[in-house]
file my_file-v4.cif (mmCIF, C-alpha atoms)
data_target
loop_
_atom_site.label_atom_id
_atom_site.label_comp_id
_atom_site.auth_asym_id
_atom_site.auth_seq_id
_atom_site.Cartn_x
_atom_site.Cartn_y
_atom_site.Cartn_z
CA MET A 29 0.00 0.00 0.00
CA THR A 30 1.32 3.44 -0.90
CA VAL A 31 0.78 6.73 0.90
CA GLU A 32 -1.67 8.94 -0.95
CA LYS A 33 -0.18 11.87 -2.87
CA PRO A 34 -0.82 15.18 -1.08
CA ALA A 35 -3.75 17.03 -2.62
CA ASP A 36 -3.35 20.18 -0.55
CA LYS A 37 -1.17 21.82 2.09
CA ARG A 38 -2.89 19.95 4.94
CA SER A 39 -2.12 16.62 3.31
CA ALA A 40 1.45 17.70 2.62
CA ILE A 41 1.92 18.61 6.29
CA ILE A 42 0.48 15.28 7.47
CA ASP A 43 2.78 13.33 5.15
CA ALA A 44 5.79 15.43 6.17
CA LEU A 45 5.22 14.78 9.86
CA MET A 46 4.84 11.05 9.25
CA ARG A 47 8.09 10.95 7.28
CA LEU A 48 9.95 12.81 10.03
CA ALA A 49 8.39 10.73 12.82
CA ALA A 50 9.50 7.51 11.12
CA SER A 51 13.15 8.43 11.76
CA GLN A 52 13.15 10.99 14.61
CA ASP A 53 11.95 11.15 18.19
CA TRP A 54 8.61 12.91 18.54
CA ASN A 55 9.98 15.47 21.00
CA GLU A 56 12.77 16.44 18.61
CA ILE A 57 10.45 17.39 15.74
CA GLU A 58 9.80 21.13 15.55
CA ILE A 59 6.95 22.74 13.64
CA GLY A 60 9.57 24.50 11.52
CA ASP A 61 10.98 21.11 10.52
CA ILE A 62 7.54 19.94 9.46
CA ALA A 63 6.84 23.11 7.48
CA GLU A 64 10.16 22.82 5.65
CA ALA A 65 9.62 19.14 4.86
CA ALA A 66 6.10 19.90 3.60
CA GLY A 67 7.22 22.83 1.48
CA VAL A 68 4.93 25.31 3.25
CA SER A 69 5.53 28.48 5.22
CA LEU A 70 4.94 28.70 8.95
CA ALA A 71 1.95 30.94 8.20
CA GLU A 72 0.49 28.28 5.94
CA PHE A 73 1.18 25.63 8.59
CA ARG A 74 -0.64 27.77 11.17
CA ASP A 75 -3.63 28.16 8.86
CA ALA A 76 -3.80 24.39 8.48
CA PHE A 77 -3.05 23.17 12.02
CA PRO A 78 -2.50 24.79 15.43
CA SER A 79 0.16 22.27 16.53
CA LYS A 80 1.97 19.11 15.51
CA GLY A 81 -0.38 17.14 17.75
CA ALA A 82 -3.28 18.48 15.69
CA VAL A 83 -1.56 17.05 12.62
CA LEU A 84 -2.04 13.59 14.15
CA GLY A 85 -5.74 14.45 14.39
CA GLY A 86 -5.59 15.27 10.68
CA LEU A 87 -4.09 11.85 9.97
CA SER A 88 -6.86 10.23 11.99
CA ARG A 89 -9.50 12.07 9.95
CA ARG A 90 -7.75 10.97 6.75
CA ILE A 91 -7.94 7.34 7.89
CA ASP A 92 -11.56 7.78 9.00
CA ARG A 93 -12.48 8.99 5.54
CA LYS A 94 -10.66 6.15 3.81
CA VAL A 95 -12.42 3.52 5.93
CA LEU A 96 -15.81 5.18 5.54
CA GLU A 97 -15.43 5.46 1.76
CA GLU A 98 -14.71 1.73 1.59
CA THR A 99 -17.59 0.74 3.86
CA THR A 100 -20.13 -1.54 2.19
CA ASP A 101 -23.30 -3.31 3.23
CA ASP A 102 -21.79 -6.77 2.67
CA LEU A 103 -21.77 -7.54 6.40
CA ALA A 104 -25.16 -6.02 7.20
CA GLY A 105 -26.57 -9.40 8.22
CA GLU A 106 -23.57 -10.40 10.32
CA PRO A 107 -23.35 -10.14 14.14
CA ALA A 108 -22.21 -6.78 15.51
CA ARG A 109 -18.85 -8.23 16.57
CA GLU A 110 -18.08 -9.33 13.02
CA ARG A 111 -19.02 -5.94 11.59
CA ILE A 112 -16.81 -4.06 14.06
CA PHE A 113 -13.97 -6.54 13.47
CA ASP A 114 -14.11 -5.87 9.73
CA VAL A 115 -14.17 -2.08 10.11
CA LEU A 116 -11.28 -1.97 12.59
CA MET A 117 -9.11 -4.33 10.53
CA ARG A 118 -9.68 -2.12 7.51
CA ARG A 119 -8.58 0.78 9.67
CA PHE A 120 -5.34 -0.99 10.56
CA ASP A 121 -4.79 -1.76 6.87
CA ALA A 122 -5.21 1.95 6.06
CA LEU A 123 -2.69 2.85 8.78
CA GLU A 124 -0.04 0.45 7.46
CA PRO A 125 1.99 3.08 5.52
CA TYR A 126 2.44 5.05 8.75
CA LYS A 127 3.24 2.11 11.02
CA GLU A 128 6.87 2.90 11.77
CA ALA A 129 6.08 6.55 12.46
CA LEU A 130 3.20 5.64 14.75
CA ARG A 131 5.32 3.06 16.56
CA ARG A 132 7.93 5.70 17.39
CA ILE A 133 5.30 8.32 18.29
CA PHE A 134 3.43 6.08 20.71
CA ASP A 135 6.66 4.89 22.31
CA ASP A 136 7.57 8.55 22.94
CA VAL A 137 4.22 9.85 24.24
CA ARG A 138 3.08 6.94 26.39
CA SER A 139 4.55 8.61 29.49
CA ASP A 140 3.01 12.02 28.66
CA PRO A 141 -0.46 12.28 30.29
CA LEU A 142 -1.46 15.40 28.34
CA ALA A 143 -0.51 13.87 25.01
CA LEU A 144 -2.34 10.65 25.88
CA ALA A 145 -5.46 12.60 26.86
CA ALA A 146 -5.41 14.45 23.54
CA LEU A 147 -4.94 11.21 21.60
CA HIS A 148 -7.79 9.65 23.56
CA GLN A 149 -10.16 12.37 22.40
CA VAL A 150 -8.99 11.86 18.81
CA ALA A 151 -9.74 8.15 19.20
CA VAL A 152 -13.21 8.85 20.61
CA ASN A 153 -14.06 10.99 17.60
CA SER A 154 -12.83 8.30 15.21
CA MET A 155 -14.58 5.44 16.99
CA ARG A 156 -17.89 7.29 16.80
CA PHE A 157 -17.66 7.04 13.01
CA MET A 158 -16.20 3.54 13.00
CA LEU A 159 -19.14 2.25 15.06
CA ALA A 160 -21.54 4.07 12.75
CA ALA A 161 -19.86 2.36 9.78
CA ALA A 162 -20.45 -0.96 11.53
CA GLY A 163 -24.11 -0.11 12.09
CA ILE A 164 -23.73 0.34 15.85
CA ARG A 165 -25.83 3.04 17.51
CA THR A 166 -23.96 5.33 19.90
CA GLU A 167 -26.80 7.55 21.08
CA GLY A 168 -28.88 6.77 24.14
CA PRO A 169 -28.02 5.79 27.70
CA LEU A 170 -25.30 3.27 26.74
CA GLY A 171 -23.81 5.34 23.94
CA THR A 172 -20.89 6.60 26.03
CA VAL A 173 -20.17 3.07 27.27
CA LYS A 174 -20.04 1.80 23.67
CA LEU A 175 -17.74 4.62 22.57
CA GLN A 176 -15.32 4.24 25.45
CA GLY A 177 -15.39 0.47 25.02
CA ALA A 178 -14.55 0.84 21.33
CA VAL A 179 -11.64 3.15 22.17
CA LEU A 180 -10.32 0.59 24.67
CA VAL A 181 -10.65 -2.26 22.17
CA TYR A 182 -8.92 -0.22 19.47
CA SER A 183 -6.13 1.05 21.74
CA ASN A 184 -5.35 -2.37 23.19
CA THR A 185 -5.32 -3.96 19.74
CA MET A 186 -3.13 -1.19 18.35
CA ARG A 187 -0.43 -2.07 20.89
CA THR A 188 -0.27 -5.50 19.28
CA TRP A 189 -0.59 -4.18 15.72
CA LEU A 190 2.33 -1.75 16.14
CA HIS A 191 4.68 -4.70 16.75
CA ASP A 192 3.00 -7.22 14.44
CA ASP A 193 5.13 -7.32 11.29
CA ASP A 194 3.55 -10.48 9.89
CA PRO A 195 1.79 -9.54 6.60
CA SER A 196 -1.18 -11.69 7.64
CA LEU A 197 -1.54 -9.74 10.93
CA ALA A 198 -2.51 -12.98 12.66
CA ARG A 199 -1.56 -11.66 16.12
CA THR A 200 -3.49 -8.45 15.55
CA MET A 201 -6.61 -10.28 14.46
CA ALA A 202 -6.43 -12.66 17.41
CA ARG A 203 -6.02 -9.73 19.84
CA LEU A 204 -8.90 -7.82 18.24
CA ASP A 205 -11.16 -10.85 18.51
CA ARG A 206 -10.32 -11.28 22.20
CA GLU A 207 -10.87 -7.59 22.92
CA LEU A 208 -14.22 -7.55 21.13
CA ARG A 209 -15.44 -10.63 23.02
CA ARG A 210 -14.40 -9.03 26.30
CA GLY A 211 -16.14 -5.81 25.27
CA GLU A 212 -19.32 -7.72 24.49
CA ARG A 213 -19.39 -9.16 28.00
CA VAL A 214 -18.90 -5.71 29.53
CA LEU A 215 -21.69 -4.23 27.41
CA GLU A 216 -24.03 -7.11 28.26
CA GLY A 217 -23.29 -6.47 31.94
CA ALA A 218 -24.05 -2.77 31.49
CA GLU A 219 -27.34 -3.56 29.76
CA ASP A 220 -28.28 -6.01 32.53
CA LEU A 221 -27.45 -3.39 35.15
CA ARG A 222 -29.56 -0.81 33.36
CA ARG A 223 -32.53 -3.19 33.26
CA LEU A 224 -32.12 -4.03 36.95
CA THR A 225 -31.97 -0.38 37.97
CA ALA A 226 -34.88 0.73 35.74
CA PRO A 227 -37.45 0.64 38.62
CA PHE A 228 -35.16 2.75 40.82
CA ARG A 229 -34.66 5.30 38.07
CA ALA A 230 -38.43 5.49 37.54
CA PHE A 231 -38.95 5.95 41.28
CA GLY A 232 -36.33 8.72 41.32
CA ARG A 233 -38.02 10.51 38.43
CA ALA A 234 -41.38 10.29 40.21
CA LEU A 235 -39.86 11.80 43.39
CA ARG A 236 -38.31 14.66 41.42
CA GLU A 237 -41.57 15.37 39.60
CA ASN A 238 -43.51 15.27 42.90
CA ARG A 239 -41.08 17.73 44.54
CA SER A 240 -41.34 20.01 41.53
CA ARG A 241 -45.16 20.01 41.70
CA ARG A 242 -45.10 20.78 45.44
CA ARG A 243 -42.68 23.67 44.91
CA GLU A 244 -44.91 25.09 42.17
CA LYS A 245 -48.00 24.74 44.37
CA ARG A 246 -46.25 26.44 47.33
CA ALA A 247 -45.08 29.30 45.10
CA THR A 248 -48.62 29.77 43.80
CA SER A 249 -50.07 29.82 47.35
CA GLU A 250 -47.52 32.39 48.52
CA GLY A 251 -48.28 34.53 45.50
CA ASP A 252 -52.03 34.44 46.26
CA ALA A 253 -51.42 35.51 49.87
CA ASP A 254 -49.68 38.67 48.67
CA ASN A 255 -52.43 39.44 46.19
CA PRO A 256 -55.30 41.63 47.57
CA ALA A 257 -57.64 40.07 45.06
CA ALA A 258 -57.17 36.70 46.75
CA ALA A 259 -59.58 37.80 49.52
CA ILE A 260 -62.47 38.34 47.11
#

call {"tool": "encode", "arguments": {"input": "my_file-v4.cif", "output": "structure tokens"}}
result
Amino acid sequence: MTVEKPADKRSAIIDALMRLAASQDWNEIEIGDIAEAAGVSLAEFRDAFPSKGAVLGGLSRRIDRKVLEETTDDLAGEPARERIFDVLMRRFDALEPYKEALRRIFDDVRSDPLALAALHQVAVNSMRFMLAAAGIRTEGPLGTVKLQGAVLVYSNTMRTWLHDDDPSLARTMARLDRELRRGERVLEGAEDLRRLTAPFRAFGRALRENRSRRREKRATSEGDADNPAAAI
């Protein structure tokens, strides 16, 4: 698989950073280095991205788009786990040209809490679209659980993928399957818990509504007492 040819300055900057990251430590790469390698000015870099970390977000969006463009309905009748498996493996395939760069980047930032938090948010945004591509709903009470679960599955599997140099990616596929099965059990437990707590939630709503009605009634009574017309 070859890296796509840059179509604009943003793409050129993404490709430049990936080339530099494949041979340099992340903390040694300056925005000036990236601009020079991309053939853009610092002003043009600033117009495109606010930081080199944001460039990684640009790469993630590029991969999102590639996966989404290749999404088909072939697996529509398959279980959810199979659909997610297919989408995430296609994502790893799309990331293959950047593997060495990503391996070095993640080795460098894994002890940086701020960088990890930023990358986590990038992953959440991507997984929202990956789950949609797999036909998985992420709205509703369990939507956040599904999203965070997908991020965990993806992140854990990526650790294996980054060091899986077998063209068949057998280790990556085995890890992804294990993570998805574990995620299924967690989600089933969350759904069971939600069903079990449904009566308590309904009771809580009824209490809140009752308190609200009493407050409204008390406010109305106090207003009448101050109104001379109330005595008529």

call {"tool": "closest_atom_pairs", "arguments": {"input": "my_file-v4.cif", "of": "range 145-214 of chain A", "to": "range 89-106 of chain A", "cutoff": "9 Å", "atoms": "all atoms listed in the file", "output": "tab-separated table"}}
result
residue	atom	partner	partner_atom	distance
A:Val150	CA	A:Arg89	CA	8.9
A:Asn153	CA	A:Arg89	CA	9.0
A:Ser154	CA	A:Asp92	CA	6.4
A:Met155	CA	A:Asp92	CA	8.9
A:Phe157	CA	A:Asp92	CA	7.3
A:Met158	CA	A:Asp92	CA	7.5
A:Ala161	CA	A:Leu96	CA	6.5
A:Ala162	CA	A:Ala104	CA	8.2
A:Gly163	CA	A:Ala104	CA	7.7

call {"tool": "resolve_selection", "arguments": {"input": "my_file-v4.cif", "expression": "the PyMOL selection byres ((chain A and resi 52-59) around 12)", "output": "short mmCIF file (atom, residue, chain, number, x, y, z; two decimals) with C-alpha atoms, in the frame of the given file"}}
result
data_model
loop_
_atom_site.label_atom_id
_atom_site.label_comp_id
_atom_site.auth_asym_id
_atom_site.auth_seq_id
_atom_site.Cartn_x
_atom_site.Cartn_y
_atom_site.Cartn_z
CA ILE A 41 1.92 18.61 6.29
CA ILE A 42 0.48 15.28 7.47
CA ALA A 44 5.79 15.43 6.17
CA LEU A 45 5.22 14.78 9.86
CA MET A 46 4.84 11.05 9.25
CA ARG A 47 8.09 10.95 7.28
CA LEU A 48 9.95 12.81 10.03
CA ALA A 49 8.39 10.73 12.82
CA ALA A 50 9.50 7.51 11.12
CA SER A 51 13.15 8.43 11.76
CA GLY A 60 9.57 24.50 11.52
CA ASP A 61 10.98 21.11 10.52
CA ILE A 62 7.54 19.94 9.46
CA ALA A 63 6.84 23.11 7.48
CA GLU A 64 10.16 22.82 5.65
CA ALA A 65 9.62 19.14 4.86
CA ALA A 66 6.10 19.90 3.60
CA VAL A 68 4.93 25.31 3.25
CA SER A 69 5.53 28.48 5.22
CA LEU A 70 4.94 28.70 8.95
CA ALA A 71 1.95 30.94 8.20
CA GLU A 72 0.49 28.28 5.94
CA PHE A 73 1.18 25.63 8.59
CA ARG A 74 -0.64 27.77 11.17
CA PHE A 77 -3.05 23.17 12.02
CA PRO A 78 -2.50 24.79 15.43
CA SER A 79 0.16 22.27 16.53
CA LYS A 80 1.97 19.11 15.51
CA GLY A 81 -0.38 17.14 17.75
CA ALA A 82 -3.28 18.48 15.69
CA VAL A 83 -1.56 17.05 12.62
CA LEU A 84 -2.04 13.59 14.15
CA GLU A 128 6.87 2.90 11.77
CA ALA A 129 6.08 6.55 12.46
CA LEU A 130 3.20 5.64 14.75
CA ARG A 131 5.32 3.06 16.56
CA ARG A 132 7.93 5.70 17.39
CA ILE A 133 5.30 8.32 18.29
CA PHE A 134 3.43 6.08 20.71
CA ASP A 135 6.66 4.89 22.31
CA ASP A 136 7.57 8.55 22.94
CA VAL A 137 4.22 9.85 24.24
CA ARG A 138 3.08 6.94 26.39
CA ASP A 140 3.01 12.02 28.66
CA ALA A 143 -0.51 13.87 25.01
#

call {"tool": "atom_distance", "arguments": {"input": "my_file-v4.cif", "atom1": "CA of Arg156 in chain A", "atom2": "CA of Lys127 in chain A"}}
result
22.5 Å

call {"tool": "atom_distance", "arguments": {"input": "my_file-v4.cif", "atom1": "CA of Ala160 in chain A", "atom2": "CA of Leu175 in chain A"}}
result
10.5 Å

call {"tool": "residues_around", "arguments": {"input": "my_file-v4.cif", "residues": "Leu204 in chain A", "least_positions_apart": "5", "cutoff": "12 Å", "atoms": "only C-alpha atoms", "output": "list of chain:residue names"}}
result
A:Arg109, A:Glu110, A:Ile112, A:Phe113, A:Asp114, A:Val115, A:Leu116, A:Met117, A:Phe120, A:Ala178, A:Val179, A:Leu180, A:Val181, A:Tyr182, A:Ser183, A:Asn184, A:Thr185, A:Met186, A:Arg187, A:Thr188, A:Trp189, A:Leu197, A:Ala198, A:Arg199, A:Arg209, A:Arg210, A:Gly211

call {"tool": "closest_residue", "arguments": {"input": "my_file-v4.cif", "among": "A:Arg213, A:Arg203, A:Arg38, A:His191", "to": "Glu124 in chain A", "atoms": "only C-alpha atoms"}}
result
A:His191

call {"tool": "atom_distance", "arguments": {"input": "my_file-v4.cif", "atom1": "CA of Gln176 in chain A", "atom2": "CA of Leu208 in chain A"}}
result
12.6 Å
